[in-house]
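Engineer: Here it is: the structure, laid out below.
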Number of protein chains: 2
Amino acid sequence: MDVREAVEALDAFERRRYALASAQAVLEFSELTDPPAAQIGRGVAMAELEAADHDLLCGDEAQALLAALESHAAELDEDQAARFRVLSRDRADRLRIPATLEARRVELVNRSSALWKEAREADDWGVFAPVMEELVALYREIAEASAPEARPYDFWLDQFEPGSSEASFDALFGEVTPRVQEIAARVRTAISSGRWTPPRTLSGPFDPAAQYALFRDTAAFEGIDLDRLELGETIHPFTSSVDSHHVMIANHADPEDLLSGLLAAIHEGGHALYESSVEGRYDYTCLAHGTSTGIHEASSRFFENYVARNAAFAPALRELIASRFPESVREVSAHDLWRLVNEVHFSTSRMEADELTYPLHIVIRYEVERALMAGELGVGEVPARWAELYERLLGVRPTGDLEGALQDVHWSMGLIGYFPSYALGGVIGAQFIHAMREAGVPFEETLAAGDLAPVRRWMVEHVWHFGRAKDTKDILLDATGEALNPAYYVAYLEDKFNPSSALFEM
Amino acid sequence: MDVREAVEALDAFERRRYALASAQAVLEFSELTDPPAAQIGRGVAMAELEAADHDLLCGDEAQALLAALESHAAELDEDQAARFRVLSRDRADRLRIPATLEARRVELVNRSSALWKEAREADDWGVFAPVMEELVALYREIAEASAPEARPYDFWLDQFEPGSSEASFDALFGEVTPRVQEIAARVRTAISSGRWTPPRTLSGPFDPAAQYALFRDTAAFEGIDLDRLELGETIHPFTSSVDSHHVMIANHADPEDLLSGLLAAIHEGGHALYESSVEGRYDYTCLAHGTSTGIHEASSRFFENYVARNAAFAPALRELIASRFPESVREVSAHDLWRLVNEVHFSTSRMEADELTYPLHIVIRYEVERALMAGELGVGEVPARWAELYERLLGVRPTGDLEGALQDVHWSMGLIGYFPSYALGGVIGAQFIHAMREAGVPFEETLAAGDLAPVRRWMVEHVWHFGRAKDTKDILLDATGEALNPAYYVAYLEDKFNPSSALFEM
């Protein structure tokens, strides 16, 4: 093959994978509207599509294709070289895990979901524990077989956030956790001493159809091209995408709670903006998605926290709500609204956590996972360790396992090592804001003007448009001039949650 | 391979094809809700999925699999033998058309759609004519290459309705057309002499959301398991299915016209009942769908015409409407409603045709296609021939090409030879009713009782549950004891549209 033939073969190969991935994304999203009886058939189809992609990526044709591209490496343009690099890495990652172990993993994960649900119904970790034992053992076995030189937990951290490790998260959490604990302690004192008075709440109920209209307004306000956006209904909000021209957000509309859905819409909107801002010419290639969970969370939490929970943005947020629910904000000023979306809860629930305590919820999961994967903690001891960590970091104890280690779906989905990447979102986002300001984007002023375009333009140019052509580390270095640096994040939290902040004033 | 291994390989092979077909069906249906920008990517994915299925079906693996099954033919059970038979036939059909011609056909059909739309906007057959010339030439070329022994039109008729030919349709239309013309002439006289007074109409407007609720009621009334049914919105109603557990109906709700959507719901419901009544054990195999267009139309028109337009069913139909639109039928009796859904229109539009004139619209298309494929008619002469045939058979002339040969999407989709199969629906359905009555199902009495279960049971047992395991010819023979016989259909029309019928009485 000459270089032209090799690139044509690459195009054809990637379009075949695109079709399989597109089908998987659409089938998964269609679960929200499919009739109940369709579930079994969809499972069969999803498994077959996944297997077809596995065969394609791991097969001889891909090997020959990558060899041909490698032999013409010097002749590839920048995009082609990036596609070669990412595809090679994806193939190596997929091949690293032995097929027999991967098959056992898939089977085990399928089995876990049902037991997790049973355990939740019984509010009993003991129901889930046996399958969690199997998960931990198998995840250790896979890590040892795939990367014998690494510590088992390192292997899995790297799977979800490439380049990360226990050492890197230790360094991060070592710097962040004590500072957040201090800030949280001061806020706690302010609350208990009555200095932080409860904010006014929005008066409901909130018609679900009007909420969905508001979610669409919000997406447009964030800058998502509505011609590319599909909205759906679910229980736990999520975003997925086919390519930059087709992004899907599933949200929920609680008739009693507008802010839950609205903040989810803004958060998921950040994911959707990232996916839809990837270079259009990357459609149908392996570059056509966000590069990592960390950068994705940096985009979603950017809008959820740094924009929507910013005092400067409160008037614009109030306007958005007022256009669909004028009655609900009649008695609520922009200042009230800002205080309302920033209420701090010392609770056992990660899903309902506020901006300040969120990293503490994550570090608890990190500590438990690390100990499990190192063999220092038995699965049966998880509830006790969980309660002890919550007591220590948040001053609360779960009343049962449902409020404790059974609250998250992640482990039952096989996502051991995934939680820590959530913590990167806030840290990276704060670092982005610093870089934006350095580049002359007046962050608070643009929010106060109700115009997100300057912020979005910076994100597109420095972060989003690259897709997977650039990894987390290089994005950080090139966009901000330094490696991951939690100083901006900590300074931000200290400033915002300082007891002399206006946040504490009625 | 021993027989067990061969059957396992067949299962695995069919599940792979199921996944591709499932993805195609879901992607196609998702077009109804996808954002506009998703269209191009969906086209890419659909083409790739189609190509993947083509490669799978035509590849060496399928050949080896079929050879292995054939060597164990005597050991296969009835289902396995049917799967082997249908899969072999599908493969032979796909291989029969040379790959280069098929590629040209796909390219040409893609090109045709846009030109058909342009031609419609210009109301000018001349815009579409050049691509129609190419279509006719290519369809003749494909037929000659694939089945040199057959007449070109015969090849394409057989593609859409296996076993059919110009001779078989000549025989059918030769018997049906003159009789329908006679009946229509009598009705025409009755109308023009004022003996057929216009029926009372339903008073609108009709809220679209309530219409969709009614469509769902209607589906349940017909006996569709709602756990298997997905409803969507479109312009031209259609039904598609993933397998017996997941059927999809797209319908439309015109705020000014309830009957259009309601009759479509009933018609599409017949298709959906057929697909969802195929043996569940055929899911994930090539047997899991209806066996032919003819039997499908026999099912859909069965409910649309023989049930919904039956005098005995009018009270039940009125009840259905009344439950969602009580005001609209307050002044309309069951008799009025029966007359309303049976209004005869001598018009140029097939889509709005009534039960009586519908076959005349079909025979016009059959005559034009036959002459084109035989080289007896030039593409440029189509509008004139069309107008002449409409004048002769329906007494009306289209005022332009939009009302004429540009009204149907079929040719632009490459469906030359498809129209005649529509005519089979009414004929086969009438033959089924005769067989039901012989088997002791009191047809009108069950409709009058508002209970479709006995009718449905007969259809499941004699027609639907076989899926593709039995072809049209055998279904007809086994279910009715005779080959296609239009006598029941003609007798039915003569009885129903007799000028002394109650249909003519206010």
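Chain labels run A, B, ... following the order of the structure tokens; each chain numbers its residues from 1, and ligands are numbered from 1 in the order shown.
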Chain B residues within 6 Å of chain A, counting only C-alpha atoms: which ones, as a tab-separated table (two decimals) with N, CA and C atoms, in the first residue's frame?

Structural biologist:
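Listing of selection.tsv after writing:
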chain	number	residue	atom	x	y	z
B	16	ARG	N	-25.38	-11.90	14.71
B	16	ARG	CA	-24.61	-10.77	14.17
B	16	ARG	C	-25.46	-10.00	13.16
B	19	ALA	N	-28.09	-7.91	14.94
B	19	ALA	CA	-27.58	-6.66	15.52
B	19	ALA	C	-27.51	-5.57	14.46
B	23	ALA	N	-29.93	-2.31	14.47
B	23	ALA	CA	-29.35	-0.96	14.43
B	23	ALA	C	-29.94	-0.17	13.27
B	35	PRO	N	-31.96	15.39	15.73
B	35	PRO	CA	-31.79	16.78	15.30
B	35	PRO	C	-31.35	16.82	13.83
B	36	PRO	N	-31.66	17.94	13.12
B	36	PRO	CA	-31.39	18.01	11.68
B	36	PRO	C	-29.93	17.71	11.31
B	37	ALA	N	-28.99	18.21	12.12
B	37	ALA	CA	-27.58	18.04	11.76
B	37	ALA	C	-27.12	16.60	11.81
B	38	ALA	N	-27.93	15.73	12.44
B	38	ALA	CA	-27.53	14.32	12.57
B	38	ALA	C	-27.72	13.54	11.28
B	45	ALA	N	-23.68	6.04	8.60
B	45	ALA	CA	-23.81	4.83	9.42
B	45	ALA	C	-24.70	3.79	8.75
B	48	GLU	N	-22.90	2.04	5.95
B	48	GLU	CA	-21.88	1.11	6.45
B	48	GLU	C	-22.51	-0.16	7.04
B	227	ASP	N	-46.62	-3.32	25.37
B	227	ASP	CA	-45.25	-3.44	25.87
B	227	ASP	C	-44.25	-3.63	24.74
B	228	ARG	N	-44.76	-3.92	23.55
B	228	ARG	CA	-43.87	-4.15	22.40
B	228	ARG	C	-43.90	-2.99	21.40
B	229	LEU	N	-44.77	-2.02	21.66
B	229	LEU	CA	-45.04	-1.00	20.64
B	229	LEU	C	-44.42	0.35	20.94
B	230	GLU	N	-43.75	0.90	19.95
B	230	GLU	CA	-43.22	2.26	20.03
B	230	GLU	C	-43.97	3.10	19.00
B	245	HIS	N	-40.68	-8.61	19.47
B	245	HIS	CA	-40.84	-7.90	20.74
B	245	HIS	C	-40.67	-6.39	20.62
B	246	HIS	N	-40.43	-5.89	19.42
B	246	HIS	CA	-40.23	-4.45	19.29
B	246	HIS	C	-40.71	-3.99	17.90

Engineer: Residues near A:Leu337, anyone? I mean within 9 Å using only C-alpha atoms, not counting same-chain ones fewer than 4 positions away, as a VMD selection string.

Structural biologist: chain A and resid 199 to 202 314 to 315 317 to 318 329 332 to 333 341 to 342

Engineer: Name the residues of stretch 266-480 of chain A that fall into helix (DSSP H, G or I) according to DSSP on the backbone, using the chain letters and numbers of this document, as a ChimeraX atom specification.

Structural biologist: /A:266-277,280-282,293-307,311-324,326-329,334-340,358-373,379-394,411-413,419-438,443-448,453-462,464-469,472-480

Engineer: If DSSP is run on the backbone, what residues of stretch 220-368 of chain A are strand (DSSP E)? A reply as a VMD selection string would be ideal.

Structural biologist: chain A and resid 229 to 233 238 to 243 246 to 251

Engineer: Limited to N, CA and C atoms, could you put the picked residues into a file as a PDB file, in the first residue's frame?

Structural biologist:
ATOM      1  N   LEU A 229     -28.722  18.917  18.751  1.00  0.00           N
ATOM      2  CA  LEU A 229     -29.050  18.422  20.097  1.00  0.00           C
ATOM      3  C   LEU A 229     -30.343  17.625  20.142  1.00  0.00           C
ATOM      4  N   GLU A 230     -30.275  16.455  20.770  1.00  0.00           N
ATOM      5  CA  GLU A 230     -31.461  15.648  21.036  1.00  0.00           C
ATOM      6  C   GLU A 230     -31.653  15.598  22.550  1.00  0.00           C
ATOM      7  N   LEU A 231     -32.871  15.891  23.018  1.00  0.00           N
ATOM      8  CA  LEU A 231     -33.153  15.852  24.453  1.00  0.00           C
ATOM      9  C   LEU A 231     -34.025  14.645  24.767  1.00  0.00           C
ATOM     10  N   GLY A 232     -33.725  13.963  25.874  1.00  0.00           N
ATOM     11  CA  GLY A 232     -34.549  12.828  26.280  1.00  0.00           C
ATOM     12  C   GLY A 232     -34.817  12.866  27.768  1.00  0.00           C
ATOM     13  N   GLU A 233     -35.655  11.926  28.227  1.00  0.00           N
ATOM     14  CA  GLU A 233     -36.009  11.875  29.645  1.00  0.00           C
ATOM     15  C   GLU A 233     -35.466  10.615  30.289  1.00  0.00           C
ATOM     16  N   PHE A 238     -27.591  12.139  31.814  1.00  0.00           N
ATOM     17  CA  PHE A 238     -26.307  11.838  31.177  1.00  0.00           C
ATOM     18  C   PHE A 238     -26.282  12.442  29.784  1.00  0.00           C
ATOM     19  N   THR A 239     -25.063  12.490  29.216  1.00  0.00           N
ATOM     20  CA  THR A 239     -24.883  12.982  27.854  1.00  0.00           C
ATOM     21  C   THR A 239     -24.179  11.896  27.067  1.00  0.00           C
ATOM     22  N   SER A 240     -24.565  11.714  25.817  1.00  0.00           N
ATOM     23  CA  SER A 240     -23.743  10.865  24.954  1.00  0.00           C
ATOM     24  C   SER A 240     -23.737  11.512  23.581  1.00  0.00           C
ATOM     25  N   SER A 241     -22.859  11.017  22.721  1.00  0.00           N
ATOM     26  CA  SER A 241     -22.810  11.638  21.403  1.00  0.00           C
ATOM     27  C   SER A 241     -22.441  10.621  20.339  1.00  0.00           C
ATOM     28  N   VAL A 242     -22.966  10.873  19.143  1.00  0.00           N
ATOM     29  CA  VAL A 242     -22.625  10.067  17.977  1.00  0.00           C
ATOM     30  C   VAL A 242     -21.366  10.659  17.334  1.00  0.00           C
ATOM     31  N   ASP A 243     -21.416  11.954  17.098  1.00  0.00           N
ATOM     32  CA  ASP A 243     -20.273  12.702  16.578  1.00  0.00           C
ATOM     33  C   ASP A 243     -20.544  14.176  16.875  1.00  0.00           C
ATOM     34  N   HIS A 246     -24.203  15.366  16.381  1.00  0.00           N
ATOM     35  CA  HIS A 246     -25.351  14.706  17.007  1.00  0.00           C
ATOM     36  C   HIS A 246     -25.014  14.376  18.461  1.00  0.00           C
ATOM     37  N   VAL A 247     -25.461  15.263  19.362  1.00  0.00           N
ATOM     38  CA  VAL A 247     -25.241  15.036  20.793  1.00  0.00           C
ATOM     39  C   VAL A 247     -26.593  14.859  21.485  1.00  0.00           C
ATOM     40  N   MET A 248     -26.598  14.040  22.533  1.00  0.00           N
ATOM     41  CA  MET A 248     -27.850  13.651  23.180  1.00  0.00           C
ATOM     42  C   MET A 248     -27.748  13.887  24.673  1.00  0.00           C
ATOM     43  N   ILE A 249     -28.701  14.627  25.220  1.00  0.00           N
ATOM     44  CA  ILE A 249     -28.746  14.846  26.662  1.00  0.00           C
ATOM     45  C   ILE A 249     -30.034  14.240  27.204  1.00  0.00           C
ATOM     46  N   ALA A 250     -29.891  13.366  28.180  1.00  0.00           N
ATOM     47  CA  ALA A 250     -31.063  12.855  28.887  1.00  0.00           C
ATOM     48  C   ALA A 250     -31.120  13.561  30.237  1.00  0.00           C
ATOM     49  N   ASN A 251     -32.285  14.089  30.574  1.00  0.00           N
ATOM     50  CA  ASN A 251     -32.412  14.829  31.827  1.00  0.00           C
ATOM     51  C   ASN A 251     -33.668  14.371  32.556  1.00  0.00           C
TER      52      ASN A 251
END

Engineer: Choose the residue, out of B:Tyr212, B:His54, B:Glu133, B:Phe84, that has the smallest atom-to-atom separation from B:Leu377; count only C-alpha atoms.

Structural biologist: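 Closest to B:Leu377, using only C-alpha atoms: B:Glu133.
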
Engineer: Using atom CA of A:Phe504 and atom CA of A:Trp196 as the two end points, give the distance in Å to one decimal.

Structural biologist: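 Taking atom CA of A:Phe504 and atom CA of A:Trp196, their separation equals 4.9 Å.
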
Engineer: Mind checking which residues fall within 9 Å of A:Val463, counting only C-alpha atoms, ignoring those fewer than 5 positions away in the same chain, and posting them as a ChimeraX atom specification?

Structural biologist: /A:274,295,458,470,475-476,479

Engineer: Which residues, written as a PyMOL selection string, have at least one atom at most 6 Å from stretch 285-291 of chain A, with only C-alpha atoms counted and residues fewer than 2 positions away on the same chain left out?

Structural biologist: chain A and resi 14+243+275+282-283+467-469+471

Engineer: Give me the residues near A:Ala73 as a PyMOL selection string, where near means some atom within 12 Å (using only C-alpha atoms) and where sequence neighbours in that chain fewer than 6 positions away do not count.

Structural biologist: chain A and resi 2-3+6-7+66-67+79-85
